[in-house]
Structure formats: structure tokens, C-alpha cells
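The block underneath contains the structure these notes are about, expressed in C-alpha cells.
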Amino acid sequence: MGAPHNIKRYGEVWPDYRIRCGLEILEKLKRKVILSGGWAWHFMSEKGHTEYKHAHDHKDIDVFVKKENIAEVVIILQQEGFQKVWTRYDHLPSEENFRRYEKTVELESEKFHRITIDFFERDDLETIEANGFAVVKPDILLSFYRNIHSSDKCWAVMAAKDLLQKGIDPVGHPLLSKMPT
């Protein structure tokens, strides 16, 4: 589980380049992946929301890929300059067959930015469509914060839990990207 947030840092936003770079590769993978984690919450949120760091985790991009799409996704990633990166999780037994791909891009400011995609294989996920992307169904996504995702203190996760407990569909709800009061 994620560490408690430092509320003094509430209001910080993700840099534009991080969102732009994520969206560029996701647009190319759009029809072949299912989004999970922070990017799933991003697309379930209202369009045009402020990219608060504590609302959605954009440190990496978590995707699920059906077995039938794996080869095509790997080819797209390689064509876009992503490379397989070995992690301590690669040799652990898991149903999801985890792998990580990364790419480093040079920004206009002559700084470098690493894009990380955590890639899980899975054929049995219930999904919904959110802003043109397939995302893990919210109640199922919340269950992943026990083993796959760690940022369970993000505003979207907390809001979605509360909304679902009240019988309210969180998709498109303003609380998914709103700073708590």
C-alpha cells in the first residue's frame, strides 16, 4: 500500500511533457491494450481535468494485453524505441506474466525523460470504455491495489472507493480529479 500523502504538496501538477509523452504512445497502443492504474483513472476522469500529482499516478503506464495482441504490442513498442528492461519481478511466478519496457526521450530543454510501461498479460479482465480507451472496470481496478498497484492513496482511488460504496458510478465523476478539502 502507498505511503500517506504529504498534504503540503497538494496542488502540484504533472509536467506537460510527462502527459504528452504518455498520450503519444498510448494513442499508438489504443486498440491493443487495456489501461490500468493512474492512466485508467486519468481517462475515467472528466476531460480537461487538472493533472494533479496526487490525483492520478503518471510515473509509469500500466497496461494489460490479451495474449492475442502481445506480439503486435511488442512490435509497436520496439518500433517506437522502447526496450525490455529486466526487473526483480521478472522471475517471480505470476498469472500476469509481467514485463517492463522503457524509452528515454530528449526534451526541448535538453533534459531527458524516461517513459516506463509496465505490461501485464491477461485475457479475462472486465473493461469499460472511457474517453476512447479500454480501461479496467473500476471495482476490479480497485482490487489491484492489493498486489499490482501501490498508489492507493491517490485521490481518484479514494474517491472511487467512496463513490462505489454509495452505489455511484465513478466514471466521469468530478471527484476523480478533485483536490480533497
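Each chain of the C-alpha cells is named A, B, ... in the order shown, its residues numbered from 1; ligands are numbered from 1 in display order.
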Per residue of range 93-129 of chain A within 9 Å of range 65-85 of chain A, which atom pair is closest and at what distance in Å (one decimal), using only C-alpha atoms, listed by chain and increasing number, as JSON lines?
{"residue": "A:Arg99", "atom": "CA", "partner": "A:Lys84", "partner_atom": "CA", "distance": 7.3}
{"residue": "A:Arg100", "atom": "CA", "partner": "A:Val85", "partner_atom": "CA", "distance": 5.5}
{"residue": "A:Tyr101", "atom": "CA", "partner": "A:Lys84", "partner_atom": "CA", "distance": 4.5}
{"residue": "A:Glu102", "atom": "CA", "partner": "A:Phe82", "partner_atom": "CA", "distance": 5.1}
{"residue": "A:Lys103", "atom": "CA", "partner": "A:Phe82", "partner_atom": "CA", "distance": 4.6}
{"residue": "A:Thr104", "atom": "CA", "partner": "A:Phe82", "partner_atom": "CA", "distance": 8.1}
{"residue": "A:Ile115", "atom": "CA", "partner": "A:Phe82", "partner_atom": "CA", "distance": 8.5}
{"residue": "A:Thr116", "atom": "CA", "partner": "A:Phe82", "partner_atom": "CA", "distance": 8.7}
{"residue": "A:Ile117", "atom": "CA", "partner": "A:Phe82", "partner_atom": "CA", "distance": 8.9}
{"residue": "A:Phe119", "atom": "CA", "partner": "A:Val65", "partner_atom": "CA", "distance": 7.1}
{"residue": "A:Phe120", "atom": "CA", "partner": "A:Val65", "partner_atom": "CA", "distance": 6.2}
{"residue": "A:Glu121", "atom": "CA", "partner": "A:Val65", "partner_atom": "CA", "distance": 4.9}
{"residue": "A:Arg122", "atom": "CA", "partner": "A:Lys66", "partner_atom": "CA", "distance": 5.2}
{"residue": "A:Asp123", "atom": "CA", "partner": "A:Lys66", "partner_atom": "CA", "distance": 4.8}
{"residue": "A:Asp124", "atom": "CA", "partner": "A:Lys66", "partner_atom": "CA", "distance": 8.3}
Near range 169-175 of chain A, counting only C-alpha atoms, which residues have an atom at most 8 Å away, once you skip same-chain residues fewer than 6 positions from it, shown as a PyMOL selection string? chain A and resi 44-46+130+138+155-156+159-160+163
With DSSP run on the backbone, what are the alpha helix (DSSP H) residues within chain A? I'd like them as a PyMOL selection string. chain A and resi 16-29+37-44+70-79+138-143+155-165
Could those residues be written to a file, using N, CA and C atoms, as a tab-separated table (two decimals), in the first residue's frame?
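The file below, result_29.tsv, is the result:
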chain	number	residue	atom	x	y	z
A	16	ASP	N	3.82	18.92	-18.23
A	16	ASP	CA	3.13	18.69	-19.51
A	16	ASP	C	3.81	17.60	-20.34
A	17	TYR	N	5.16	17.57	-20.34
A	17	TYR	CA	5.86	16.60	-21.18
A	17	TYR	C	5.55	15.17	-20.75
A	18	ARG	N	5.35	14.94	-19.46
A	18	ARG	CA	5.04	13.58	-19.00
A	18	ARG	C	3.69	13.13	-19.54
A	19	ILE	N	2.71	14.00	-19.50
A	19	ILE	CA	1.39	13.67	-20.01
A	19	ILE	C	1.46	13.52	-21.53
A	20	ARG	N	2.10	14.45	-22.20
A	20	ARG	CA	2.21	14.41	-23.67
A	20	ARG	C	2.89	13.12	-24.14
A	21	CYS	N	4.01	12.76	-23.54
A	21	CYS	CA	4.74	11.54	-23.94
A	21	CYS	C	3.90	10.29	-23.68
A	22	GLY	N	3.19	10.26	-22.56
A	22	GLY	CA	2.32	9.12	-22.27
A	22	GLY	C	1.20	9.00	-23.28
A	23	LEU	N	0.58	10.13	-23.59
A	23	LEU	CA	-0.52	10.11	-24.55
A	23	LEU	C	-0.06	9.69	-25.95
A	24	GLU	N	1.15	10.09	-26.32
A	24	GLU	CA	1.66	9.74	-27.66
A	24	GLU	C	1.77	8.23	-27.83
A	25	ILE	N	2.34	7.53	-26.86
A	25	ILE	CA	2.47	6.07	-27.02
A	25	ILE	C	1.12	5.39	-26.80
A	26	LEU	N	0.31	5.90	-25.91
A	26	LEU	CA	-1.00	5.28	-25.70
A	26	LEU	C	-1.88	5.38	-26.92
A	27	GLU	N	-1.78	6.46	-27.65
A	27	GLU	CA	-2.57	6.60	-28.88
A	27	GLU	C	-2.20	5.50	-29.88
A	28	LYS	N	-0.91	5.13	-29.93
A	28	LYS	CA	-0.46	4.08	-30.85
A	28	LYS	C	-0.87	2.68	-30.38
A	29	LEU	N	-1.04	2.53	-29.07
A	29	LEU	CA	-1.40	1.23	-28.50
A	29	LEU	C	-2.90	1.09	-28.24
A	37	GLY	N	-4.24	1.31	-13.46
A	37	GLY	CA	-3.51	2.28	-12.65
A	37	GLY	C	-3.90	3.72	-12.95
A	38	GLY	N	-2.94	4.62	-12.77
A	38	GLY	CA	-3.17	6.05	-12.90
A	38	GLY	C	-3.72	6.50	-14.24
A	39	TRP	N	-3.27	5.85	-15.32
A	39	TRP	CA	-3.77	6.24	-16.64
A	39	TRP	C	-5.21	5.80	-16.83
A	40	ALA	N	-5.63	4.71	-16.20
A	40	ALA	CA	-7.05	4.33	-16.26
A	40	ALA	C	-7.90	5.39	-15.56
A	41	TRP	N	-7.46	5.81	-14.37
A	41	TRP	CA	-8.20	6.86	-13.65
A	41	TRP	C	-8.19	8.16	-14.45
A	42	HIS	N	-7.09	8.44	-15.11
A	42	HIS	CA	-6.98	9.63	-15.94
A	42	HIS	C	-8.11	9.66	-16.99
A	43	PHE	N	-8.27	8.55	-17.70
A	43	PHE	CA	-9.28	8.51	-18.75
A	43	PHE	C	-10.70	8.37	-18.21
A	44	MET	N	-10.84	7.87	-16.98
A	44	MET	CA	-12.17	7.82	-16.37
A	44	MET	C	-12.58	9.18	-15.81
A	70	ILE	N	-0.26	-9.62	-27.88
A	70	ILE	CA	1.08	-9.42	-27.31
A	70	ILE	C	2.12	-9.12	-28.39
A	71	ALA	N	2.18	-9.94	-29.42
A	71	ALA	CA	3.21	-9.75	-30.45
A	71	ALA	C	3.09	-8.38	-31.10
A	72	GLU	N	1.87	-7.96	-31.41
A	72	GLU	CA	1.68	-6.66	-32.05
A	72	GLU	C	2.07	-5.51	-31.12
A	73	VAL	N	1.74	-5.63	-29.85
A	73	VAL	CA	2.10	-4.58	-28.89
A	73	VAL	C	3.61	-4.49	-28.75
A	74	VAL	N	4.28	-5.63	-28.65
A	74	VAL	CA	5.75	-5.63	-28.53
A	74	VAL	C	6.38	-5.00	-29.77
A	75	ILE	N	5.86	-5.32	-30.95
A	75	ILE	CA	6.39	-4.74	-32.20
A	75	ILE	C	6.21	-3.23	-32.19
A	76	ILE	N	5.04	-2.76	-31.80
A	76	ILE	CA	4.80	-1.30	-31.74
A	76	ILE	C	5.78	-0.65	-30.77
A	77	LEU	N	5.93	-1.24	-29.59
A	77	LEU	CA	6.85	-0.67	-28.61
A	77	LEU	C	8.27	-0.61	-29.15
A	78	GLN	N	8.72	-1.68	-29.78
A	78	GLN	CA	10.08	-1.70	-30.33
A	78	GLN	C	10.22	-0.68	-31.46
A	79	GLN	N	9.22	-0.56	-32.31
A	79	GLN	CA	9.27	0.43	-33.39
A	79	GLN	C	9.34	1.85	-32.84
A	138	PRO	N	-13.83	-0.13	-12.89
A	138	PRO	CA	-13.39	0.50	-11.64
A	138	PRO	C	-13.34	-0.41	-10.41
A	139	ASP	N	-14.35	-1.23	-10.17
A	139	ASP	CA	-14.32	-2.07	-8.97
A	139	ASP	C	-13.20	-3.11	-9.05
A	140	ILE	N	-12.93	-3.60	-10.23
A	140	ILE	CA	-11.83	-4.56	-10.40
A	140	ILE	C	-10.49	-3.84	-10.26
A	141	LEU	N	-10.39	-2.66	-10.85
A	141	LEU	CA	-9.16	-1.86	-10.73
A	141	LEU	C	-8.84	-1.61	-9.26
A	142	LEU	N	-9.82	-1.29	-8.46
A	142	LEU	CA	-9.58	-1.05	-7.03
A	142	LEU	C	-9.00	-2.29	-6.35
A	143	SER	N	-9.42	-3.47	-6.78
A	143	SER	CA	-8.89	-4.71	-6.17
A	143	SER	C	-7.41	-4.92	-6.46
A	155	TRP	N	-6.07	10.45	-5.03
A	155	TRP	CA	-7.42	10.98	-4.85
A	155	TRP	C	-8.44	10.17	-5.63
A	156	ALA	N	-8.10	9.77	-6.85
A	156	ALA	CA	-9.05	9.03	-7.68
A	156	ALA	C	-9.40	7.69	-7.03
A	157	VAL	N	-8.42	7.00	-6.49
A	157	VAL	CA	-8.66	5.71	-5.85
A	157	VAL	C	-9.57	5.89	-4.64
A	158	MET	N	-9.25	6.87	-3.81
A	158	MET	CA	-10.05	7.13	-2.61
A	158	MET	C	-11.48	7.54	-2.99
A	159	ALA	N	-11.60	8.41	-3.99
A	159	ALA	CA	-12.92	8.87	-4.41
A	159	ALA	C	-13.73	7.72	-5.01
A	160	ALA	N	-13.09	6.90	-5.85
A	160	ALA	CA	-13.80	5.79	-6.49
A	160	ALA	C	-14.31	4.79	-5.45
A	161	LYS	N	-13.48	4.49	-4.45
A	161	LYS	CA	-13.93	3.59	-3.37
A	161	LYS	C	-15.18	4.13	-2.71
A	162	ASP	N	-15.14	5.41	-2.36
A	162	ASP	CA	-16.26	6.04	-1.68
A	162	ASP	C	-17.50	6.07	-2.57
A	163	LEU	N	-17.34	6.45	-3.82
A	163	LEU	CA	-18.47	6.52	-4.74
A	163	LEU	C	-19.11	5.15	-4.95
A	164	LEU	N	-18.29	4.13	-5.17
A	164	LEU	CA	-18.82	2.78	-5.38
A	164	LEU	C	-19.56	2.27	-4.15
A	165	GLN	N	-19.03	2.59	-2.95
A	165	GLN	CA	-19.71	2.17	-1.72
A	165	GLN	C	-21.09	2.82	-1.60
May I ask which of the residues A:Gly11, A:Pro180, A:Gly167, A:Gly132 is the closest one to Glu51 in chain A, counting only C-alpha atoms?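 Comparing A:Gly11, A:Pro180, A:Gly167, A:Gly132 against Glu51 in chain A, the winner is A:Gly11.
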As a PyMOL selection string, please: every residue in range 21-93 of chain A that a backbone DSSP assignment puts in strand (DSSP E or B). chain A and resi 34-36+52+61-65+83-85
Just C-alpha atoms for this one: save the residues we selected as an mmCIF file, in the first residue's frame.
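What ended up in out.cif:
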data_model
loop_
_atom_site.group_PDB
_atom_site.id
_atom_site.type_symbol
_atom_site.label_atom_id
_atom_site.label_comp_id
_atom_site.auth_asym_id
_atom_site.auth_seq_id
_atom_site.Cartn_x
_atom_site.Cartn_y
_atom_site.Cartn_z
ATOM 1 C CA ILE A 34 -6.333 -2.186 -21.514
ATOM 2 C CA LEU A 35 -5.281 0.664 -19.247
ATOM 3 C CA SER A 36 -4.851 0.191 -15.532
ATOM 4 C CA TYR A 52 -2.601 16.925 -10.105
ATOM 5 C CA ILE A 61 1.946 3.453 -17.686
ATOM 6 C CA ASP A 62 0.257 0.228 -16.597
ATOM 7 C CA VAL A 63 -1.347 -1.830 -19.356
ATOM 8 C CA PHE A 64 -2.886 -5.267 -19.692
ATOM 9 C CA VAL A 65 -2.564 -7.043 -23.014
ATOM 10 C CA GLN A 83 13.318 -1.710 -24.908
ATOM 11 C CA LYS A 84 12.648 -4.561 -22.481
ATOM 12 C CA VAL A 85 14.044 -3.773 -19.041
#
